[in-house]
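Participant: The structure file run_5.cif (mmCIF, C-alpha atoms) is provided below.
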data_model
#
loop_
_atom_site.label_atom_id
_atom_site.label_comp_id
_atom_site.auth_asym_id
_atom_site.auth_seq_id
_atom_site.Cartn_x
_atom_site.Cartn_y
_atom_site.Cartn_z
CA MET A 1 65.04 76.54 73.78
CA PRO A 2 64.60 80.32 73.92
CA LYS A 3 64.24 82.12 70.59
CA TRP A 4 67.57 83.91 70.81
CA PHE A 5 69.43 80.63 71.05
CA ILE A 6 69.11 79.56 67.42
CA ARG A 7 69.98 83.06 66.15
CA ALA A 8 72.98 83.28 68.43
CA ALA A 9 74.09 79.80 67.35
CA VAL A 10 73.97 80.89 63.69
CA VAL A 11 75.95 84.05 64.47
CA CYS A 12 78.49 82.02 66.42
CA THR A 13 78.94 79.53 63.55
CA VAL A 14 79.42 82.34 61.04
CA MET A 15 81.92 84.10 63.32
CA PHE A 16 84.00 80.95 63.74
CA ALA A 17 83.83 80.23 60.01
CA LEU A 18 85.15 83.73 59.26
CA SER A 19 87.76 83.74 62.02
CA PRO A 20 90.55 82.07 59.93
CA PHE A 21 90.24 84.87 57.36
CA VAL A 22 90.30 87.58 60.01
CA ILE A 23 93.36 86.01 61.62
CA ALA A 24 95.09 85.49 58.26
CA ASN A 25 94.72 89.21 57.51
CA ALA A 26 96.32 90.25 60.79
CA ASP A 27 99.87 91.61 60.72
CA TYR A 28 102.80 89.23 60.95
CA GLU A 29 104.59 89.40 64.27
CA SER A 30 108.21 90.07 63.36
CA THR A 31 110.05 87.46 65.47
CA MET A 32 107.62 84.52 65.54
CA GLY A 33 105.85 84.85 62.19
CA LEU A 34 103.02 82.43 61.48
CA VAL A 35 103.19 80.65 64.86
CA GLN A 36 102.16 83.82 66.65
CA LYS A 37 98.68 83.45 65.10
CA ILE A 38 97.97 80.55 67.48
CA PHE A 39 97.66 83.28 70.06
CA TYR A 40 94.34 84.43 68.59
CA TYR A 41 92.74 81.17 69.69
CA HIS A 42 94.91 80.52 72.72
CA MET A 43 94.12 83.65 74.70
CA PRO A 44 90.32 83.71 74.21
CA SER A 45 90.04 80.04 75.13
CA ALA A 46 92.24 80.63 78.20
CA TRP A 47 89.94 83.46 79.24
CA MET A 48 86.85 81.29 78.82
CA PHE A 49 88.65 78.54 80.76
CA LEU A 50 89.14 81.02 83.61
CA VAL A 51 85.54 82.27 83.36
CA SER A 52 84.18 78.70 83.52
CA GLY A 53 86.24 78.10 86.66
CA ILE A 54 84.86 81.23 88.29
CA VAL A 55 81.27 80.40 87.25
CA CYS A 56 81.66 76.88 88.62
CA GLY A 57 83.08 78.14 91.94
CA VAL A 58 80.47 80.85 92.46
CA ALA A 59 77.59 78.53 91.53
CA SER A 60 78.96 75.86 93.90
CA VAL A 61 79.14 78.28 96.83
CA ARG A 62 75.58 79.40 96.15
CA PHE A 63 74.51 75.77 95.97
CA LEU A 64 76.18 75.03 99.34
CA ILE A 65 74.44 78.01 100.94
CA THR A 66 70.96 77.71 99.41
CA GLY A 67 70.74 74.04 98.41
CA ASP A 68 68.98 75.13 95.21
CA PRO A 69 69.63 72.50 92.48
CA ARG A 70 69.65 75.20 89.78
CA HIS A 71 73.02 76.41 91.01
CA ASP A 72 74.27 72.85 91.06
CA ARG A 73 73.33 72.38 87.42
CA THR A 74 75.13 75.59 86.47
CA ALA A 75 78.25 74.46 88.35
CA TRP A 76 78.24 71.09 86.62
CA ALA A 77 77.84 72.65 83.19
CA ALA A 78 80.61 75.16 83.94
CA ALA A 79 82.97 72.39 85.05
CA GLU A 80 82.47 70.67 81.69
CA MET A 81 83.17 73.96 79.90
CA ALA A 82 86.35 74.30 81.96
CA VAL A 83 87.55 70.90 80.75
CA ILE A 84 86.75 71.69 77.09
CA PHE A 85 88.27 75.19 76.99
CA GLY A 86 91.12 73.88 79.14
CA VAL A 87 91.98 71.33 76.43
CA VAL A 88 92.07 74.06 73.79
CA THR A 89 94.24 76.25 76.04
CA LEU A 90 96.63 73.49 77.05
CA VAL A 91 97.07 72.24 73.46
CA THR A 92 97.51 75.62 71.78
CA GLY A 93 99.74 76.97 74.58
CA PRO A 94 102.63 74.50 74.18
CA LEU A 95 102.49 74.81 70.36
CA TRP A 96 103.00 78.53 70.72
CA ALA A 97 105.55 78.15 73.52
CA ARG A 98 107.71 75.80 71.41
CA ARG A 99 108.45 78.71 69.11
CA ALA A 100 108.32 81.56 71.60
CA TRP A 101 110.25 80.05 74.50
CA GLY A 102 111.99 77.15 72.72
CA THR A 103 110.28 74.49 74.81
CA PHE A 104 106.82 72.96 74.94
CA TRP A 105 106.23 73.22 78.64
CA VAL A 106 107.52 75.61 81.27
CA TRP A 107 106.56 75.34 84.93
CA ASP A 108 105.72 79.00 85.33
CA ALA A 109 102.89 80.37 87.46
CA ARG A 110 100.22 80.53 84.81
CA THR A 111 100.87 77.20 83.07
CA THR A 112 101.05 75.39 86.41
CA SER A 113 97.92 76.95 87.87
CA SER A 114 96.05 76.33 84.59
CA LEU A 115 97.10 72.69 84.62
CA VAL A 116 96.03 72.22 88.24
CA GLN A 117 92.74 74.04 87.64
CA TRP A 118 92.12 71.75 84.68
CA MET A 119 92.85 68.71 86.86
CA VAL A 120 90.42 69.98 89.51
CA ALA A 121 87.75 70.31 86.80
CA TRP A 122 88.44 66.70 85.76
CA ALA A 123 88.30 65.58 89.40
CA TYR A 124 84.95 67.38 89.68
CA LEU A 125 83.54 65.49 86.69
CA ILE A 126 84.99 62.16 87.88
CA LEU A 127 83.34 62.73 91.25
CA ARG A 128 80.00 63.53 89.61
CA ARG A 129 80.24 60.46 87.40
CA TYR A 130 81.42 57.87 89.94
CA GLY A 131 80.54 59.40 93.31
CA GLY A 132 77.00 58.04 93.44
CA PRO A 133 74.19 59.69 95.39
CA GLY A 134 75.14 62.77 97.39
CA SER A 135 78.07 63.62 95.15
CA ASP A 136 76.51 66.99 94.26
CA LYS A 137 77.47 68.50 97.61
CA LEU A 138 80.88 66.88 97.62
CA ALA A 139 81.54 68.28 94.16
CA ALA A 140 80.45 71.74 95.32
CA GLY A 141 82.94 71.50 98.19
CA LEU A 142 85.66 70.47 95.75
CA ALA A 143 84.88 73.39 93.42
CA LEU A 144 85.06 75.83 96.34
CA PHE A 145 88.48 74.46 97.33
CA GLY A 146 89.64 74.49 93.72
CA VAL A 147 88.87 78.19 93.36
CA ALA A 148 90.54 79.03 96.68
CA ASN A 149 93.55 77.04 95.55
CA VAL A 150 94.32 78.95 92.36
CA GLY A 151 95.76 81.95 94.20
CA PHE A 152 98.08 79.78 96.27
CA ILE A 153 99.44 77.91 93.29
CA TYR A 154 99.93 81.16 91.46
CA ILE A 155 101.89 82.75 94.30
CA SER A 156 103.94 79.65 95.01
CA VAL A 157 105.07 79.17 91.42
CA ASN A 158 105.46 82.88 90.83
CA TYR A 159 108.11 82.88 93.55
CA TRP A 160 110.40 80.93 91.23
CA ARG A 161 109.98 82.89 88.02
CA THR A 162 107.42 83.77 85.40
CA ILE A 163 108.00 84.23 81.70
CA HIS A 164 104.39 84.44 80.56
CA PRO A 165 103.56 87.56 78.53
CA ALA A 166 102.07 90.12 80.89
CA THR A 167 98.39 90.99 80.43
CA SER A 168 99.40 94.62 79.96
CA VAL A 169 100.41 93.75 76.38
CA VAL A 170 96.82 93.42 75.16
CA PRO A 171 95.59 97.05 75.34
CA LYS A 172 98.75 98.23 73.55
CA LEU A 173 98.31 96.03 70.46
CA PRO A 174 98.05 97.86 67.11
CA PHE A 175 94.56 97.77 65.54
CA THR A 176 95.50 95.20 62.89
CA MET A 177 96.38 92.71 65.62
CA GLY A 178 93.95 93.96 68.26
CA PHE A 179 90.87 93.61 66.08
CA PRO A 180 91.36 89.88 65.27
CA LEU A 181 92.08 89.23 68.94
CA TRP A 182 88.92 90.89 70.20
CA TYR A 183 86.98 89.29 67.35
CA CYS A 184 88.12 85.87 68.59
CA VAL A 185 87.38 86.80 72.20
CA ALA A 186 83.82 87.68 71.16
CA SER A 187 83.46 84.39 69.22
CA PHE A 188 84.70 82.30 72.13
CA THR A 189 82.52 84.16 74.63
CA LEU A 190 79.46 83.52 72.47
CA LEU A 191 80.41 79.86 72.12
CA PHE A 192 80.85 79.60 75.87
CA VAL A 193 77.45 81.13 76.61
CA LEU A 194 75.73 78.88 74.05
CA LEU A 195 77.34 75.67 75.26
CA LEU A 196 76.68 76.55 78.90
CA LYS A 197 73.04 77.34 78.18
CA MET A 198 72.60 74.13 76.23
CA ARG A 199 74.21 72.01 78.94
CA ILE A 200 72.16 73.59 81.75
CA ARG A 201 68.99 73.03 79.74
CA LEU A 202 69.85 69.36 79.25
CA GLU A 203 70.23 68.94 83.03
CA GLU A 204 66.97 70.83 83.64
CA GLN A 205 65.10 68.50 81.33
CA ARG A 206 66.70 65.49 82.97
CA ALA A 207 65.54 66.78 86.38
CA THR A 208 62.02 67.38 85.04
CA LEU A 209 61.93 63.87 83.62
CA ASP A 210 63.06 62.41 86.95
CA SER A 211 60.38 64.28 88.88
CA LEU A 212 57.77 63.13 86.34
CA TYR A 213 58.82 59.51 86.84
CA LEU A 214 58.63 59.97 90.60
CA SER A 215 55.13 61.47 90.46
CA LEU A 216 54.07 58.61 88.18
CA ASP A 217 55.31 56.11 90.76
CA GLU A 218 53.39 57.87 93.48
CA GLN A 219 50.14 57.65 91.52
CA HIS A 220 50.34 53.86 91.19
CA MET B 1 84.34 72.85 121.59
CA ILE B 2 88.06 72.33 122.15
CA ARG B 3 87.17 69.85 124.91
CA LEU B 4 84.92 67.89 122.55
CA ALA B 5 87.61 67.87 119.88
CA TRP B 6 90.06 66.62 122.52
CA LEU B 7 87.64 63.81 123.50
CA ILE B 8 87.38 62.66 119.87
CA LEU B 9 91.14 62.86 119.49
CA ARG B 10 91.60 60.78 122.65
CA LYS B 11 89.05 58.23 121.44
CA ASP B 12 90.87 57.86 118.10
CA LEU B 13 94.25 57.56 119.77
CA THR B 14 92.95 54.98 122.26
CA VAL B 15 91.58 52.88 119.40
CA GLU B 16 94.90 53.31 117.64
CA VAL B 17 97.00 52.34 120.66
CA ARG B 18 94.90 49.19 121.15
CA SER B 19 94.68 48.04 117.54
CA GLY B 20 97.60 49.84 115.93
CA GLU B 21 95.89 49.30 112.59
CA ILE B 22 96.45 52.65 110.91
CA ALA B 23 99.76 53.44 112.63
CA TYR B 24 101.45 50.19 111.59
CA THR B 25 100.10 50.11 108.03
CA THR B 26 100.93 53.79 107.45
CA LEU B 27 104.42 53.52 108.89
CA PHE B 28 105.18 50.35 106.97
CA PHE B 29 103.84 51.84 103.76
CA ALA B 30 105.84 55.06 104.19
CA VAL B 31 109.07 53.14 104.82
CA THR B 32 108.44 50.91 101.80
CA CYS B 33 107.84 54.00 99.72
CA VAL B 34 111.20 55.51 100.75
CA LEU B 35 112.94 52.20 100.05
CA VAL B 36 111.48 52.09 96.54
CA PHE B 37 112.93 55.56 95.93
CA ALA B 38 116.26 54.46 97.35
CA PHE B 39 116.37 51.46 94.99
CA ALA B 40 115.34 53.60 92.04
CA LEU B 41 117.52 56.66 92.59
CA VAL B 42 120.64 55.80 94.58
CA ARG B 43 123.36 54.78 92.12
CA GLU B 44 126.67 53.36 93.34
CA GLY B 45 126.05 54.75 96.82
CA ARG B 46 125.53 58.29 95.50
CA PRO B 47 122.05 59.71 96.12
CA PRO B 48 120.60 62.23 93.63
CA GLU B 49 121.24 65.87 94.49
CA ASP B 50 118.27 67.67 96.02
CA GLY B 51 116.14 64.51 96.01
CA ALA B 52 115.61 64.07 99.73
CA ALA B 53 113.06 66.86 100.22
CA GLY B 54 110.88 65.61 97.38
CA ILE B 55 111.03 62.02 98.56
CA LEU B 56 110.09 63.01 102.11
CA TRP B 57 107.00 64.87 100.92
CA ILE B 58 105.94 62.18 98.43
CA ALA B 59 106.12 59.61 101.24
CA ILE B 60 104.07 61.91 103.51
CA ALA B 61 101.46 62.54 100.81
CA PHE B 62 101.10 58.82 99.95
CA ALA B 63 101.02 57.67 103.57
CA GLY B 64 98.65 60.50 104.47
CA ASN B 65 96.22 59.40 101.79
CA LEU B 66 96.27 55.87 103.19
CA ALA B 67 95.75 57.01 106.79
CA LEU B 68 92.92 59.38 105.85
CA GLY B 69 91.05 56.69 103.95
CA ARG B 70 91.35 54.19 106.81
CA ALA B 71 90.44 56.67 109.57
CA PHE B 72 86.96 57.11 108.16
CA GLU B 73 86.53 53.64 106.71
CA ARG B 74 86.90 52.26 110.22
CA GLU B 75 84.12 54.53 111.51
CA ARG B 76 81.89 53.49 108.64
CA GLN B 77 82.46 49.76 109.08
CA ALA B 78 81.73 49.91 112.80
CA GLU B 79 78.69 52.12 112.14
CA THR B 80 80.14 54.60 114.61
CA LEU B 81 80.20 57.54 112.22
CA ARG B 82 76.45 57.98 112.63
CA ALA B 83 76.85 57.87 116.40
CA LEU B 84 79.60 60.47 116.15
CA LEU B 85 77.40 62.77 114.07
CA LEU B 86 74.35 62.17 116.28
CA ALA B 87 76.27 63.07 119.41
CA PRO B 88 75.32 66.49 120.84
CA ALA B 89 78.56 68.01 119.61
CA PRO B 90 78.98 70.81 117.08
CA ARG B 91 80.17 69.52 113.70
CA PRO B 92 83.34 71.63 113.70
CA ALA B 93 84.42 69.89 116.94
CA VAL B 94 84.06 66.48 115.25
CA TYR B 95 86.10 67.75 112.32
CA LEU B 96 88.84 69.18 114.55
CA GLY B 97 89.07 66.00 116.62
CA LYS B 98 89.50 63.89 113.48
CA LEU B 99 91.96 66.36 112.01
CA PHE B 100 94.20 66.37 115.08
CA SER B 101 94.25 62.58 115.30
CA ILE B 102 95.41 62.42 111.66
CA VAL B 103 98.05 65.10 112.31
CA VAL B 104 99.36 63.17 115.34
CA LEU B 105 99.54 59.96 113.30
CA LEU B 106 101.34 61.65 110.41
CA GLY B 107 103.65 63.40 112.87
CA GLY B 108 104.68 59.99 114.19
CA THR B 109 105.29 58.78 110.64
CA GLU B 110 107.44 61.83 109.88
CA ALA B 111 109.49 61.28 113.05
CA LEU B 112 110.52 57.96 111.54
CA LEU B 113 110.82 59.13 107.93
CA VAL B 114 113.19 62.05 108.60
CA PRO B 115 116.08 60.02 110.11
CA LEU B 116 115.51 57.24 107.57
CA ILE B 117 115.80 59.62 104.62
CA ALA B 118 118.76 61.38 106.25
CA LEU B 119 120.47 57.99 106.44
CA LEU B 120 119.59 56.61 103.00
CA PHE B 121 120.03 59.82 101.01
CA GLN B 122 122.87 61.36 103.02
CA ALA B 123 120.80 64.51 103.55
CA ARG B 124 121.50 67.06 106.28
CA MET B 125 117.96 66.71 107.62
CA LEU B 126 118.73 67.68 111.20
CA ALA B 127 120.83 70.76 110.48
CA HIS B 128 117.95 73.10 111.37
CA PRO B 129 115.63 71.06 113.58
CA PHE B 130 113.42 74.01 114.53
CA TRP B 131 112.66 75.07 110.96
CA LEU B 132 112.25 71.49 109.78
CA THR B 133 109.66 70.87 112.52
CA ALA B 134 107.88 74.13 111.70
CA ILE B 135 107.66 73.37 107.96
CA LEU B 136 106.63 69.76 108.51
CA ALA B 137 103.97 70.74 111.06
CA ALA B 138 102.50 73.52 108.90
CA GLY B 139 102.55 71.34 105.78
CA THR B 140 101.03 68.33 107.51
CA LEU B 141 98.29 70.47 109.01
CA GLY B 142 97.37 71.92 105.61
CA PHE B 143 97.44 68.53 103.90
CA ALA B 144 95.37 66.93 106.68
CA ALA B 145 92.91 69.85 106.86
CA VAL B 146 91.87 69.31 103.23
CA GLY B 147 92.23 65.52 103.48
CA THR B 148 90.06 65.13 106.59
CA LEU B 149 87.24 67.08 104.98
CA PHE B 150 87.42 65.12 101.70
CA ALA B 151 87.71 61.75 103.44
CA ALA B 152 84.70 62.60 105.61
CA MET B 153 82.67 63.75 102.60
CA LEU B 154 83.53 60.63 100.63
CA VAL B 155 82.54 58.19 103.39
CA ARG B 156 79.16 57.60 101.81
CA ALA B 157 80.23 57.95 98.18
CA ARG B 158 80.75 55.04 95.84
CA SER B 159 84.35 54.15 94.87
CA ARG B 160 85.65 56.37 97.71
CA ASP B 161 89.06 54.67 97.78
CA VAL B 162 90.05 55.84 94.34
CA LEU B 163 88.27 59.18 94.58
CA LEU B 164 90.19 60.41 97.64
CA PRO B 165 93.59 60.80 95.94
CA VAL B 166 91.92 62.07 92.76
CA LEU B 167 90.37 64.96 94.70
CA LEU B 168 93.07 65.46 97.31
CA TYR B 169 96.28 65.78 95.29
CA PRO B 170 95.25 68.58 92.88
CA ILE B 171 94.02 70.68 95.81
CA THR B 172 97.11 70.12 97.95
CA VAL B 173 99.57 71.05 95.19
CA PRO B 174 100.55 74.30 97.00
CA VAL B 175 101.35 72.34 100.18
CA ILE B 176 103.55 69.95 98.25
CA ILE B 177 105.33 72.78 96.38
CA ALA B 178 105.87 74.86 99.52
CA GLY B 179 106.84 71.84 101.62
CA VAL B 180 109.34 70.49 99.11
CA ARG B 181 110.87 73.91 98.31
CA GLY B 182 111.04 74.88 102.00
CA THR B 183 112.65 71.60 103.02
CA ALA B 184 115.06 71.74 100.08
CA ALA B 185 116.15 75.22 101.18
CA LEU B 186 116.89 73.79 104.64
CA LEU B 187 119.10 71.10 103.17
CA GLN B 188 121.35 73.54 101.33
CA PRO B 189 124.89 73.91 102.72
CA GLU B 190 124.18 77.61 103.26
CA PHE B 191 121.04 78.43 105.20
CA GLU B 192 118.67 80.58 103.11
CA GLY B 193 116.54 82.16 105.84
CA GLY B 194 114.43 84.34 103.54
CA VAL B 195 113.45 81.47 101.27
CA VAL B 196 112.51 79.22 104.18
CA ARG B 197 110.48 81.98 105.82
CA PHE B 198 108.61 82.67 102.59
CA TRP B 199 107.51 79.05 102.17
CA PHE B 200 106.64 78.78 105.85
CA ALA B 201 104.47 81.91 105.61
CA LEU B 202 102.76 80.50 102.50
CA LEU B 203 102.03 77.24 104.35
CA ILE B 204 100.57 79.14 107.32
CA ALA B 205 98.35 81.19 104.99
CA PHE B 206 97.22 78.00 103.24
CA ASP B 207 96.44 76.41 106.63
CA ALA B 208 94.42 79.42 107.77
CA VAL B 209 92.36 79.67 104.56
CA PHE B 210 91.68 75.97 104.14
CA LEU B 211 90.96 75.32 107.83
CA THR B 212 88.37 78.09 107.79
CA LEU B 213 86.83 76.80 104.55
CA SER B 214 86.83 73.22 105.86
CA LEU B 215 85.14 74.13 109.14
CA TRP B 216 82.42 75.89 107.17
CA THR B 217 82.04 73.23 104.46
CA PHE B 218 82.07 70.33 106.93
CA GLU B 219 78.90 71.69 108.48
CA ALA B 220 77.24 72.11 105.06
CA VAL B 221 78.13 68.73 103.56
CA MET B 222 77.61 66.54 106.64
CA THR B 223 74.08 67.67 107.39
CA ASP B 224 71.96 64.83 106.01
#
Is it possible to give me this structure as structure tokens?

Facilitator:
Amino acid sequence: MPKWFIRAAVVCTVMFALSPFVIANADYESTMGLVQKIFYYHMPSAWMFLVSGIVCGVASVRFLITGDPRHDRTAWAAAEMAVIFGVVTLVTGPLWARRAWGTFWVWDARTTSSLVQWMVAWAYLILRRYGGPGSDKLAAGLALFGVANVGFIYISVNYWRTIHPATSVVPKLPFTMGFPLWYCVASFTLLFVLLLKMRIRLEEQRATLDSLYLSLDEQH
Amino acid sequence: MIRLAWLILRKDLTVEVRSGEIAYTTLFFAVTCVLVFAFALVREGRPPEDGAAGILWIAIAFAGNLALGRAFERERQAETLRALLLAPAPRPAVYLGKLFSIVVLLGGTEALLVPLIALLFQARMLAHPFWLTAILAAGTLGFAAVGTLFAAMLVRARSRDVLLPVLLYPITVPVIIAGVRGTAALLQPEFEGGVVRFWFALLIAFDAVFLTLSLWTFEAVMTD
């Protein structure tokens, strides 16, 4: 592990440990009260969910073009991050929506495309797990299609109606609410980078071990 | 390239005409599927409102999955897939030939499904035959474009039978949404031209993007 990893892991732990206090000190939102505070975890995890999807798609395309297994390992790790941050997003979202919109689930553009993206990430992992040899390229193809798909789902559901809060809300937040939000975004980004790094390293070591076994076989 | 694709299409159709394996199983399965919906949803002779479009597309998606799986399983069992890939033909031509044979098969299935659903669910399926054909053709092409690529990729994978729907359905969600919404708009008593045109345009855009991606990916994933 690189030196910065341990330090960053400590910083990340401290930031997450402090985050409840930072969020508790934020202003109450007048109509939703306490429930609104879910938002401080929901939005950062949704962003990281989106980032993992993009990382997975870009790495997959590069893997398809170059055939370099490093990109494949990054794509795999990012797909796992997408599933994890997707769970956080899809659990916190409905809890917030119950209060804000009066119902747990609404088929609007963003919830639907998030759900489908999450399912594609699952399909990716299922393919890696049960596809057998050669599934790395198949999975890369799937990731490419999954990324291309998001826009279509978004447009198609958007044509009905959308009640998600617009992204233009965020820059206008008062400091007392904006600071906790950006604090959480920073914590989640750090967590994402650490987990991704750790997961890629695990795959790298697995690949090294495999090549060592192979060279051992050749010697005998 | 078009000629090569046509040769592969003709080969597949000849095999199909002689054995009838995929055509009969797919048709029978699609009809059974519609009957299950009829038993489940039609109460006292009254079909559910707005159900016909959804049922049509579910039957197409299920039957399509079956046909796609078989189309490549047959090539694998007869060891002809290797011959097909060894032939001095560009990979995109092989893909297109396979794609068109699936589209023709599904088109045949739809030709039977549409009157059946119109009958069982008292839907005005044939009120706008031109638009219905356009939406069905565009939707089937998009579904089959993704499906042919995935089925071809999975030929050598383990547990390919279960993996095909797992990969295919999340990716084809836009086709299903646009197909169902577009068909439902056709079934309304008043024709909503703008709505139908929007969904048709979305399907065409989906077809264009995913056909291009498939042609490119097919080359990359079928190299070894």

Participant: If you count only C-alpha atoms, which residues fall within 12 Å of Gly69 (chain B), apart from same-chain ones fewer than 2 positions away, as number ranges by chain?

Facilitator: B: 22, 25-26, 62-67, 71-76, 102, 144, 147-155, 159-165, 168

Participant: Written as a PyMOL selection string, what is the full residue list that the PyMOL selection byres ((chain A and resi 60) around 9) yields on the file shown?

Facilitator: chain A and resi 55-59+61-65+71-72+74-76+137+139-144

Participant: With a distance threshold of 9 Å and counting all atoms listed in the file, extract the residues of chain A near chain B and express them as a ChimeraX atom specification.

Facilitator: /A:64-65,116-117,119-120,123-124,126-127,130-135,137-138,141-142,144-146,148-150,152-157

Participant: Taking the file above as input, evaluate the PyMOL selection byres ((chain A and resi 180) around 10) and report the hits as a VMD selection string.

Facilitator: chain A and resid 19 to 27 37 40 to 41 175 to 179 181 to 186

Participant: Based on the selection just made, write C-alpha atoms of those residues as a short mmCIF file (atom, residue, chain, number, x, y, z; two decimals), in the coordinates of the input.

Facilitator:
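Below is the file that was written, part_34.cif:
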data_model
loop_
_atom_site.label_atom_id
_atom_site.label_comp_id
_atom_site.auth_asym_id
_atom_site.auth_seq_id
_atom_site.Cartn_x
_atom_site.Cartn_y
_atom_site.Cartn_z
CA SER A 19 87.76 83.74 62.02
CA PRO A 20 90.55 82.07 59.93
CA PHE A 21 90.24 84.87 57.36
CA VAL A 22 90.30 87.58 60.01
CA ILE A 23 93.36 86.01 61.62
CA ALA A 24 95.09 85.49 58.26
CA ASN A 25 94.72 89.21 57.51
CA ALA A 26 96.32 90.25 60.79
CA ASP A 27 99.87 91.61 60.72
CA LYS A 37 98.68 83.45 65.10
CA TYR A 40 94.34 84.43 68.59
CA TYR A 41 92.74 81.17 69.69
CA PHE A 175 94.56 97.77 65.54
CA THR A 176 95.50 95.20 62.89
CA MET A 177 96.38 92.71 65.62
CA GLY A 178 93.95 93.96 68.26
CA PHE A 179 90.87 93.61 66.08
CA LEU A 181 92.08 89.23 68.94
CA TRP A 182 88.92 90.89 70.20
CA TYR A 183 86.98 89.29 67.35
CA CYS A 184 88.12 85.87 68.59
CA VAL A 185 87.38 86.80 72.20
CA ALA A 186 83.82 87.68 71.16
#

Participant: Applied to the shown file, which residues does the PyMOL selection byres ((chain B and resi 77-94) around 6) return, written as number ranges by chain?

Facilitator: B: 1, 4-5, 74-76, 95-97, 215, 219

Participant: So the first atom is CA of Gly33 (chain A) and the second is CA of Trp101 (chain A); what is the distance between them in Å, to one decimal place?

Facilitator: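 According to the coordinates, CA of Gly33 (chain A) and CA of Trp101 (chain A) are separated by 13.9 Å.
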
Participant: Calculate how many Å separate CA of Pro69 (chain A) from CA of Asp217 (chain A), rounding to one decimal.

Facilitator: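 Taking CA of Pro69 (chain A) as the start and CA of Asp217 (chain A) as the end point, the length is 21.8 Å.
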
Participant: Quick one: distance from CA of Phe85 (chain A) to CA of Thr13 (chain A) in Å, one decimal?

Facilitator: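 Answer for the CA of Phe85 (chain A) to CA of Thr13 (chain A) separation: 16.9 Å.
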
Participant: Reconstruct N, CA and C atoms of region 144-158 of chain A from the incomplete input and present them as an mmCIF file, in the coordinates of the input.

Facilitator:
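Contents of rebuild.cif, as written:
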data_model
loop_
_atom_site.group_PDB
_atom_site.id
_atom_site.type_symbol
_atom_site.label_atom_id
_atom_site.label_comp_id
_atom_site.auth_asym_id
_atom_site.auth_seq_id
_atom_site.Cartn_x
_atom_site.Cartn_y
_atom_site.Cartn_z
ATOM 1 N N LEU A 144 84.712 74.718 95.447
ATOM 2 C CA LEU A 144 85.060 75.830 96.340
ATOM 3 C C LEU A 144 86.547 75.785 96.671
ATOM 4 N N PHE A 145 87.052 74.597 97.001
ATOM 5 C CA PHE A 145 88.480 74.460 97.330
ATOM 6 C C PHE A 145 89.343 74.738 96.111
ATOM 7 N N GLY A 146 88.872 74.282 94.950
ATOM 8 C CA GLY A 146 89.640 74.490 93.720
ATOM 9 C C GLY A 146 89.832 75.962 93.427
ATOM 10 N N VAL A 147 88.777 76.748 93.630
ATOM 11 C CA VAL A 147 88.870 78.190 93.360
ATOM 12 C C VAL A 147 89.804 78.854 94.378
ATOM 13 N N ALA A 148 89.679 78.452 95.647
ATOM 14 C CA ALA A 148 90.540 79.030 96.680
ATOM 15 C C ALA A 148 92.005 78.687 96.437
ATOM 16 N N ASN A 149 92.212 77.564 95.756
ATOM 17 C CA ASN A 149 93.550 77.040 95.550
ATOM 18 C C ASN A 149 94.360 77.816 94.515
ATOM 19 N N VAL A 150 93.643 78.362 93.508
ATOM 20 C CA VAL A 150 94.320 78.950 92.360
ATOM 21 C C VAL A 150 95.322 80.031 92.803
ATOM 22 N N GLY A 151 94.882 80.886 93.726
ATOM 23 C CA GLY A 151 95.760 81.950 94.200
ATOM 24 C C GLY A 151 97.039 81.412 94.819
ATOM 25 N N PHE A 152 96.904 80.347 95.605
ATOM 26 C CA PHE A 152 98.080 79.780 96.270
ATOM 27 C C PHE A 152 99.073 79.204 95.283
ATOM 28 N N ILE A 153 98.538 78.488 94.288
ATOM 29 C CA ILE A 153 99.440 77.910 93.290
ATOM 30 C C ILE A 153 100.153 79.031 92.549
ATOM 31 N N TYR A 154 99.362 80.060 92.212
ATOM 32 C CA TYR A 154 99.930 81.160 91.460
ATOM 33 C C TYR A 154 101.096 81.807 92.211
ATOM 34 N N ILE A 155 100.844 82.106 93.499
ATOM 35 C CA ILE A 155 101.890 82.750 94.300
ATOM 36 C C ILE A 155 103.109 81.834 94.441
ATOM 37 N N SER A 156 102.825 80.542 94.721
ATOM 38 C CA SER A 156 103.940 79.650 95.010
ATOM 39 C C SER A 156 104.830 79.449 93.789
ATOM 40 N N VAL A 157 104.232 79.365 92.598
ATOM 41 C CA VAL A 157 105.070 79.170 91.420
ATOM 42 C C VAL A 157 105.699 80.489 90.969
ATOM 43 N N ASN A 158 104.951 81.565 91.215
ATOM 44 C CA ASN A 158 105.460 82.880 90.830
ATOM 45 C C ASN A 158 106.762 83.206 91.553
#
